[in-house]
There are 2 protein chains.
Amino acid sequence: MSAPISKTGDKLLLRALRREKVERTPVWLMRQAGRYLSEYRAVRAQADGFLGMVRDPELAAEVTLQPIRRFGMDGAILFSDILLPLEALGMELRFDEGGPHLPKPVRTRADVEALRAVEPRQALDYVGRALGLVKRALPAHVTLLGFAGAPFTLASYAIEGGTSKSFLELRKLMYRDTATWELLLAKLADLTAAHLAYQAECGAEALVLFDTWAGTLTRADYRRYARPWTERVVRAVPAHVPLVLFAGQAEHLFEDQLALAPTGVAVDHRMELARAFDQAGGRVALQGNLDPGALLSSPEEVALRTRALLDSVAGRAGHVLNLGHGVLPPTDPECVAALVETARSARP
Amino acid sequence: MSAPISKTGDKLLLRALRREKVERTPVWLMRQAGRYLSEYRAVRAQADGFLGMVRDPELAAEVTLQPIRRFGMDGAILFSDILLPLEALGMELRFDEGGPHLPKPVRTRADVEALRAVEPRQALDYVGRALGLVKRALPAHVTLLGFAGAPFTLASYAIEGGTSKSFLELRKLMYRDTATWELLLAKLADLTAAHLAYQAECGAEALVLFDTWAGTLTRADYRRYARPWTERVVRAVPAHVPLVLFAGQAEHLFEDQLALAPTGVAVDHRMELARAFDQAGGRVALQGNLDPGALLSSPEEVALRTRALLDSVAGRAGHVLNLGHGVLPPTDPECVAALVETARSARP
């Protein structure tokens, strides 16, 4: 193995990310902390909205730990949101029924130039404090994961002012004022790199970079308008901290993700995992890729699918079991339990 | 060529669909009739809402013809909507700001059993009349296209009651009450087949089957829960009428689309078209696949991309130039003009 053995090197998830031989496949789930858990809803009911939860280190730490206590995943990902760092650039951020809302999106050169960068350790100190609290409470064998949004995906929210279907304003800025686009992406890349480094300093043992909307681009446009800034982030992350790249619905970008040479690449559930391992050829670890929608079936069906997925890549080094996307709110916790228990009782 | 020479056999688009050698690549665009055209907005402003337009044969024919007059595409697709046939099953359908709304979705066995099938020639007679009007007004070299929604995609609207992000109710019914799911899909397949046959009788020279949401399924689930009913439709379409299958964001289902042996398969803009031709290996014609988002750039950029796409598959038989998805409402008509003119002046 080329990666150095760190003091956390004995954790199952970290060993799998280094593509070492492991006694069983480690498992964690994107959005494993969330509304599908009654204990989460209980905390949420007492909090000052979603932002009140993520900005309160005690509450953020508590909901981060809930799925670990209930199911015993091998990784705990901090309960937070990819958009919070935009506040460190001076952008206003709200969450309402329809999701995130940025009332003053950036759409002009002046808008982008006006973005100021505050150090994450100042603007996002609550993230560091929450990580510290989780770290102290986490069972010794569980890996603490931090995360951030990739520059392209952050830009989509900054420009559109929220989630979007067709990213019309983004496309206009990207194509018609490419210099301003590049200035924005550079600022976002530096912010993201600093935020990931800050989380590593505060105890995150592995990092995930979420590029939720990258798959909306063609491969040529991804290379021209997104990848260079993702690459800047990947290069800036401290070498001893494993980094997993996630891109949503991006089978066509898989080779580009591999080429960025992160520690791991998350595989969408639409892509056949064994084929992804073939294509990756041992260059990276792979995370995935059960269909989150299939967790709306039954615990028995989930156990069957989990077993089948593990069997399909049995003997392959570097697999971290996960979903292809986040846990859906109406998911029955019994289905998550079936998934985790099947993984924990399986042999590779 | 195995396809019989029909009386419309000399039309460029039909010859390309039969994978004959053609003098240039034919072009039409999904949603080529729509809000990006001022003449469309003028008609829309006078009509009784979106449904008033599609149910009025004169208005539907007029907006169908508008892009042909302005740009000179090789195909005219009837202005209509995939959800209208659901009314023939007794479902109530509305369109408001947020898109389609079905106030009484089907979610139980009783709901599905209560669906009654009325012959499309009765319930959807306005579609046949609109086709007749377009046919009479269409330049002789332009191909008239009809269309319908594939059973899976129709089921998604029937069950969710509108568009959806995660298709939670669909997944629950599909996995937990598969017998009811299959009954629903069978009814939708029969309806779709009848509606396509009706359009062919009324003058449609080629047909498109839209499976907008099929790409949300894994390949295994597509095969188990969707493909059999798409196949039933494909088999039921009159053999002399070319049929193009469209599935959104479905690179992972491309081989399954090919295996259904339609006349043509629509290729998403995320997939490299030359590679799609390689994979298809002459089994079908391919439609696509410029990125509709790239039409928000400039006429010059659109012309460059169109030329590059045509060059990338030069000499390949069976290409119909189109977008990977529909024209976006804020598209500048000059960009559509640049696309069509580049195609019309190009040599294969």
# chains A, B, ... in the order shown; residues from 1 in each chain; ligands from 1
call {"tool": "interface_residues", "arguments": {"of": "chain A", "to": "chain B", "cutoff": "6 Å", "atoms": "only C-alpha atoms", "output": "MDAnalysis selection string"}}
result
chainID A and resid 172 175 218 270 296:297
call {"tool": "select_by_dssp", "arguments": {"residues": "range 19-203 of chain B", "states": "helix (DSSP H, G or I)", "output": "ChimeraX atom specification"}}
result
/B:38-46,49-54,57-71,84-89,109-114,120-123,125-137,151-160,168-176,178-201
call {"tool": "write_last_selection", "arguments": {"atoms": "C-alpha atoms", "output": "mmCIF file, in the first residue's frame"}}
result
data_model
loop_
_atom_site.group_PDB
_atom_site.id
_atom_site.type_symbol
_atom_site.label_atom_id
_atom_site.label_comp_id
_atom_site.auth_asym_id
_atom_site.auth_seq_id
_atom_site.Cartn_x
_atom_site.Cartn_y
_atom_site.Cartn_z
ATOM 1 C CA SER B 38 -43.165 34.382 -29.690
ATOM 2 C CA GLU B 39 -45.763 33.033 -32.127
ATOM 3 C CA TYR B 40 -46.440 30.177 -29.711
ATOM 4 C CA ARG B 41 -46.854 32.578 -26.807
ATOM 5 C CA ALA B 42 -49.305 34.605 -28.903
ATOM 6 C CA VAL B 43 -51.502 31.535 -29.452
ATOM 7 C CA ARG B 44 -51.113 30.476 -25.833
ATOM 8 C CA ALA B 45 -52.243 33.881 -24.595
ATOM 9 C CA GLN B 46 -55.565 33.463 -26.426
ATOM 10 C CA GLY B 49 -54.796 27.184 -20.742
ATOM 11 C CA PHE B 50 -52.441 24.470 -21.861
ATOM 12 C CA LEU B 51 -55.164 21.825 -21.968
ATOM 13 C CA GLY B 52 -57.364 24.178 -23.983
ATOM 14 C CA MET B 53 -54.610 24.352 -26.579
ATOM 15 C CA VAL B 54 -53.937 20.646 -26.904
ATOM 16 C CA PRO B 57 -57.308 20.726 -33.065
ATOM 17 C CA GLU B 58 -56.917 24.101 -34.800
ATOM 18 C CA LEU B 59 -54.646 25.507 -32.102
ATOM 19 C CA ALA B 60 -52.668 22.281 -31.677
ATOM 20 C CA ALA B 61 -52.124 22.106 -35.441
ATOM 21 C CA GLU B 62 -51.096 25.761 -35.604
ATOM 22 C CA VAL B 63 -48.385 25.512 -32.943
ATOM 23 C CA THR B 64 -47.201 22.205 -34.405
ATOM 24 C CA LEU B 65 -46.595 23.977 -37.706
ATOM 25 C CA GLN B 66 -44.940 27.107 -36.282
ATOM 26 C CA PRO B 67 -41.367 25.762 -35.938
ATOM 27 C CA ILE B 68 -41.611 24.135 -39.384
ATOM 28 C CA ARG B 69 -42.486 27.486 -40.928
ATOM 29 C CA ARG B 70 -39.791 29.371 -39.032
ATOM 30 C CA PHE B 71 -36.900 26.890 -39.122
ATOM 31 C CA LEU B 84 -53.866 13.080 -22.098
ATOM 32 C CA PRO B 85 -54.531 9.349 -22.600
ATOM 33 C CA LEU B 86 -54.889 9.011 -18.830
ATOM 34 C CA GLU B 87 -58.188 10.847 -19.255
ATOM 35 C CA ALA B 88 -59.301 7.943 -21.444
ATOM 36 C CA LEU B 89 -58.871 5.789 -18.334
ATOM 37 C CA ARG B 109 -55.920 -2.401 -6.255
ATOM 38 C CA ALA B 110 -59.398 -0.874 -6.279
ATOM 39 C CA ASP B 111 -58.043 2.328 -7.871
ATOM 40 C CA VAL B 112 -56.427 0.361 -10.658
ATOM 41 C CA GLU B 113 -59.419 -1.900 -11.192
ATOM 42 C CA ALA B 114 -61.666 1.153 -11.465
ATOM 43 C CA PRO B 120 -58.612 6.624 -28.087
ATOM 44 C CA ARG B 121 -60.628 7.413 -31.220
ATOM 45 C CA GLN B 122 -63.441 8.484 -28.893
ATOM 46 C CA ALA B 123 -61.662 9.932 -25.863
ATOM 47 C CA ASP B 125 -60.537 12.302 -31.121
ATOM 48 C CA TYR B 126 -59.056 15.818 -31.005
ATOM 49 C CA VAL B 127 -55.613 14.240 -31.448
ATOM 50 C CA GLY B 128 -56.713 12.578 -34.680
ATOM 51 C CA ARG B 129 -58.305 15.773 -35.930
ATOM 52 C CA ALA B 130 -55.190 17.810 -35.151
ATOM 53 C CA LEU B 131 -53.028 15.278 -36.996
ATOM 54 C CA GLY B 132 -55.330 15.582 -40.014
ATOM 55 C CA LEU B 133 -55.045 19.371 -40.012
ATOM 56 C CA VAL B 134 -51.254 19.291 -39.710
ATOM 57 C CA LYS B 135 -50.977 16.683 -42.438
ATOM 58 C CA ARG B 136 -52.883 18.838 -44.906
ATOM 59 C CA ALA B 137 -50.752 21.919 -44.195
ATOM 60 C CA PRO B 151 -46.282 2.599 -19.499
ATOM 61 C CA PHE B 152 -43.685 3.114 -16.742
ATOM 62 C CA THR B 153 -43.643 6.885 -17.149
ATOM 63 C CA LEU B 154 -47.444 7.099 -17.365
ATOM 64 C CA ALA B 155 -47.638 4.972 -14.213
ATOM 65 C CA SER B 156 -45.329 7.395 -12.424
ATOM 66 C CA TYR B 157 -47.768 10.275 -13.029
ATOM 67 C CA ALA B 158 -50.843 8.143 -12.351
ATOM 68 C CA ILE B 159 -49.453 7.009 -8.990
ATOM 69 C CA GLU B 160 -47.622 10.140 -7.818
ATOM 70 C CA LEU B 168 -41.887 7.250 -3.398
ATOM 71 C CA GLU B 169 -45.486 6.121 -3.943
ATOM 72 C CA LEU B 170 -44.495 4.421 -7.184
ATOM 73 C CA ARG B 171 -41.744 2.482 -5.454
ATOM 74 C CA LYS B 172 -44.051 1.407 -2.661
ATOM 75 C CA LEU B 173 -46.713 0.082 -5.038
ATOM 76 C CA MET B 174 -44.156 -1.479 -7.386
ATOM 77 C CA TYR B 175 -42.322 -3.384 -4.666
ATOM 78 C CA ARG B 176 -45.058 -4.059 -2.124
ATOM 79 C CA THR B 178 -46.423 -6.024 -7.562
ATOM 80 C CA ALA B 179 -49.600 -7.710 -8.807
ATOM 81 C CA THR B 180 -51.439 -4.384 -8.738
ATOM 82 C CA TRP B 181 -48.445 -2.709 -10.374
ATOM 83 C CA GLU B 182 -48.570 -5.255 -13.179
ATOM 84 C CA LEU B 183 -52.293 -4.785 -13.664
ATOM 85 C CA LEU B 184 -51.771 -1.031 -13.955
ATOM 86 C CA LEU B 185 -48.872 -1.377 -16.375
ATOM 87 C CA ALA B 186 -50.868 -3.773 -18.538
ATOM 88 C CA LYS B 187 -53.753 -1.305 -18.766
ATOM 89 C CA LEU B 188 -51.348 1.498 -19.625
ATOM 90 C CA ALA B 189 -49.564 -0.603 -22.239
ATOM 91 C CA ASP B 190 -52.843 -1.440 -23.982
ATOM 92 C CA LEU B 191 -53.918 2.187 -23.871
ATOM 93 C CA THR B 192 -50.572 3.389 -25.247
ATOM 94 C CA ALA B 193 -50.575 0.821 -28.029
ATOM 95 C CA ALA B 194 -54.101 1.805 -29.026
ATOM 96 C CA HIS B 195 -53.234 5.505 -28.929
ATOM 97 C CA LEU B 196 -50.177 5.025 -31.148
ATOM 98 C CA ALA B 197 -52.141 2.906 -33.623
ATOM 99 C CA TYR B 198 -54.850 5.574 -33.702
ATOM 100 C CA GLN B 199 -52.273 8.280 -34.482
ATOM 101 C CA ALA B 200 -50.821 6.166 -37.286
ATOM 102 C CA GLU B 201 -54.326 5.764 -38.742
#
call {"tool": "closest_residue", "arguments": {"among": "B:Ala259, B:Val27, B:Ala204, B:Ala47", "to": "Gly288 in chain B", "atoms": "only C-alpha atoms"}}
result
B:Val27
call {"tool": "closest_residue", "arguments": {"among": "B:Gly99, B:Pro333, B:Gly146, B:Gly34", "to": "Glu205 in chain B", "atoms": "only C-alpha atoms"}}
result
B:Gly146
call {"tool": "residues_around", "arguments": {"residues": "Pro103 in chain B", "least_positions_apart": "6", "cutoff": "10 Å", "atoms": "only C-alpha atoms", "output": "PDB file with N, CA and C atoms, in the first residue's frame"}}
result
ATOM      1  N   MET B  91     -59.132   9.199 -15.535  1.00  0.00           N
ATOM      2  CA  MET B  91     -58.403  10.009 -14.552  1.00  0.00           C
ATOM      3  C   MET B  91     -58.582  11.493 -14.862  1.00  0.00           C
ATOM      4  N   GLU B  92     -58.698  12.279 -13.802  1.00  0.00           N
ATOM      5  CA  GLU B  92     -58.807  13.726 -13.965  1.00  0.00           C
ATOM      6  C   GLU B  92     -57.409  14.325 -14.099  1.00  0.00           C
ATOM      7  N   LEU B  93     -57.265  15.261 -15.011  1.00  0.00           N
ATOM      8  CA  LEU B  93     -55.955  15.839 -15.320  1.00  0.00           C
ATOM      9  C   LEU B  93     -56.052  17.351 -15.369  1.00  0.00           C
ATOM     10  N   ARG B  94     -55.132  18.008 -14.646  1.00  0.00           N
ATOM     11  CA  ARG B  94     -55.067  19.476 -14.692  1.00  0.00           C
ATOM     12  C   ARG B  94     -53.636  19.895 -14.962  1.00  0.00           C
ATOM     13  N   ALA B 158     -49.565   8.647 -12.866  1.00  0.00           N
ATOM     14  CA  ALA B 158     -50.843   8.143 -12.351  1.00  0.00           C
ATOM     15  C   ALA B 158     -50.761   7.867 -10.851  1.00  0.00           C
ATOM     16  N   GLU B 160     -48.097   9.011  -8.618  1.00  0.00           N
ATOM     17  CA  GLU B 160     -47.622  10.140  -7.818  1.00  0.00           C
ATOM     18  C   GLU B 160     -48.596  11.314  -7.863  1.00  0.00           C
ATOM     19  N   GLY B 161     -49.401  11.384  -8.910  1.00  0.00           N
ATOM     20  CA  GLY B 161     -50.329  12.501  -9.050  1.00  0.00           C
ATOM     21  C   GLY B 161     -49.687  13.716  -9.700  1.00  0.00           C
ATOM     22  N   GLY B 162     -48.482  13.559 -10.205  1.00  0.00           N
ATOM     23  CA  GLY B 162     -47.779  14.670 -10.859  1.00  0.00           C
ATOM     24  C   GLY B 162     -46.329  14.288 -11.047  1.00  0.00           C
TER      25      GLY B 162
END
call {"tool": "atom_distance", "arguments": {"atom1": "CA of Arg275 in chain B", "atom2": "CA of Asp311 in chain B"}}
result
13.4 Å
call {"tool": "select_by_dssp", "arguments": {"residues": "range 17-104 of chain A", "states": "strand (DSSP E)", "output": "mmCIF file with C-alpha atoms, in the first residue's frame"}}
result
data_model
loop_
_atom_site.group_PDB
_atom_site.id
_atom_site.type_symbol
_atom_site.label_atom_id
_atom_site.label_comp_id
_atom_site.auth_asym_id
_atom_site.auth_seq_id
_atom_site.Cartn_x
_atom_site.Cartn_y
_atom_site.Cartn_z
ATOM 1 C CA GLY A 75 -18.619 5.487 9.314
ATOM 2 C CA ALA A 76 -20.282 8.541 10.882
ATOM 3 C CA ILE A 77 -20.686 11.492 8.540
ATOM 4 C CA ARG A 94 -32.320 30.028 4.256
ATOM 5 C CA PHE A 95 -34.042 26.664 4.366
ATOM 6 C CA ASP A 96 -37.785 26.410 3.963
ATOM 7 C CA GLY A 99 -35.362 23.345 0.319
ATOM 8 C CA PRO A 100 -32.463 25.805 0.340
ATOM 9 C CA HIS A 101 -33.044 29.385 -0.724
#
call {"tool": "atom_distance", "arguments": {"atom1": "CA of Arg24 in chain A", "atom2": "CA of Arg307 in chain A"}}
result
12.3 Å
call {"tool": "residues_around", "arguments": {"residues": "Ala308 in chain B", "least_positions_apart": "2", "cutoff": "12 Å", "atoms": "only C-alpha atoms", "output": "JSON, numbers by chain"}}
result
{"A": [220], "B": [272, 273, 274, 289, 290, 301, 302, 303, 304, 305, 306, 310, 311, 312, 313, 314, 339, 342, 343, 346, 348]}
call {"tool": "residues_around", "arguments": {"residues": "range 229-245 of chain A", "least_positions_apart": "3", "cutoff": "6 Å", "atoms": "only C-alpha atoms", "output": "PDB file with N, CA and C atoms, in the first residue's frame"}}
result
ATOM      1  N   ALA A 189     -13.602  26.882  -5.137  1.00  0.00           N
ATOM      2  CA  ALA A 189     -12.608  25.818  -4.949  1.00  0.00           C
ATOM      3  C   ALA A 189     -11.720  26.117  -3.745  1.00  0.00           C
ATOM      4  N   ALA A 193     -11.621  23.783  -0.443  1.00  0.00           N
ATOM      5  CA  ALA A 193     -10.357  23.195   0.011  1.00  0.00           C
ATOM      6  C   ALA A 193     -10.071  23.584   1.461  1.00  0.00           C
ATOM      7  N   ALA A 206     -11.741  10.995   7.174  1.00  0.00           N
ATOM      8  CA  ALA A 206     -11.915  10.832   5.727  1.00  0.00           C
ATOM      9  C   ALA A 206     -12.896  11.909   5.292  1.00  0.00           C
ATOM     10  N   LEU A 207     -12.863  12.255   4.009  1.00  0.00           N
ATOM     11  CA  LEU A 207     -13.668  13.366   3.504  1.00  0.00           C
ATOM     12  C   LEU A 207     -14.429  12.928   2.259  1.00  0.00           C
ATOM     13  N   VAL A 208     -15.610  13.504   2.087  1.00  0.00           N
ATOM     14  CA  VAL A 208     -16.410  13.233   0.887  1.00  0.00           C
ATOM     15  C   VAL A 208     -16.662  14.564   0.185  1.00  0.00           C
ATOM     16  N   LEU A 209     -16.444  14.590  -1.119  1.00  0.00           N
ATOM     17  CA  LEU A 209     -16.687  15.792  -1.913  1.00  0.00           C
ATOM     18  C   LEU A 209     -17.903  15.521  -2.797  1.00  0.00           C
ATOM     19  N   ALA A 226     -16.021  22.411 -15.110  1.00  0.00           N
ATOM     20  CA  ALA A 226     -16.161  21.934 -13.728  1.00  0.00           C
ATOM     21  C   ALA A 226     -14.913  21.221 -13.206  1.00  0.00           C
ATOM     22  N   PRO A 262      -8.743  10.470  -6.767  1.00  0.00           N
ATOM     23  CA  PRO A 262      -9.056  10.582  -5.343  1.00  0.00           C
ATOM     24  C   PRO A 262      -8.815   9.222  -4.695  1.00  0.00           C
ATOM     25  N   THR A 263      -9.038   9.122  -3.404  1.00  0.00           N
ATOM     26  CA  THR A 263      -8.919   7.824  -2.746  1.00  0.00           C
ATOM     27  C   THR A 263     -10.030   6.891  -3.198  1.00  0.00           C
ATOM     28  N   GLY A 264     -11.230   7.456  -3.305  1.00  0.00           N
ATOM     29  CA  GLY A 264     -12.377   6.646  -3.686  1.00  0.00           C
ATOM     30  C   GLY A 264     -13.339   7.412  -4.564  1.00  0.00           C
ATOM     31  N   VAL A 265     -14.153   6.683  -5.304  1.00  0.00           N
ATOM     32  CA  VAL A 265     -15.199   7.282  -6.129  1.00  0.00           C
ATOM     33  C   VAL A 265     -16.522   6.627  -5.750  1.00  0.00           C
ATOM     34  N   ALA A 266     -17.548   7.448  -5.544  1.00  0.00           N
ATOM     35  CA  ALA A 266     -18.880   6.926  -5.245  1.00  0.00           C
ATOM     36  C   ALA A 266     -19.576   6.571  -6.548  1.00  0.00           C
TER      37      ALA A 266
END
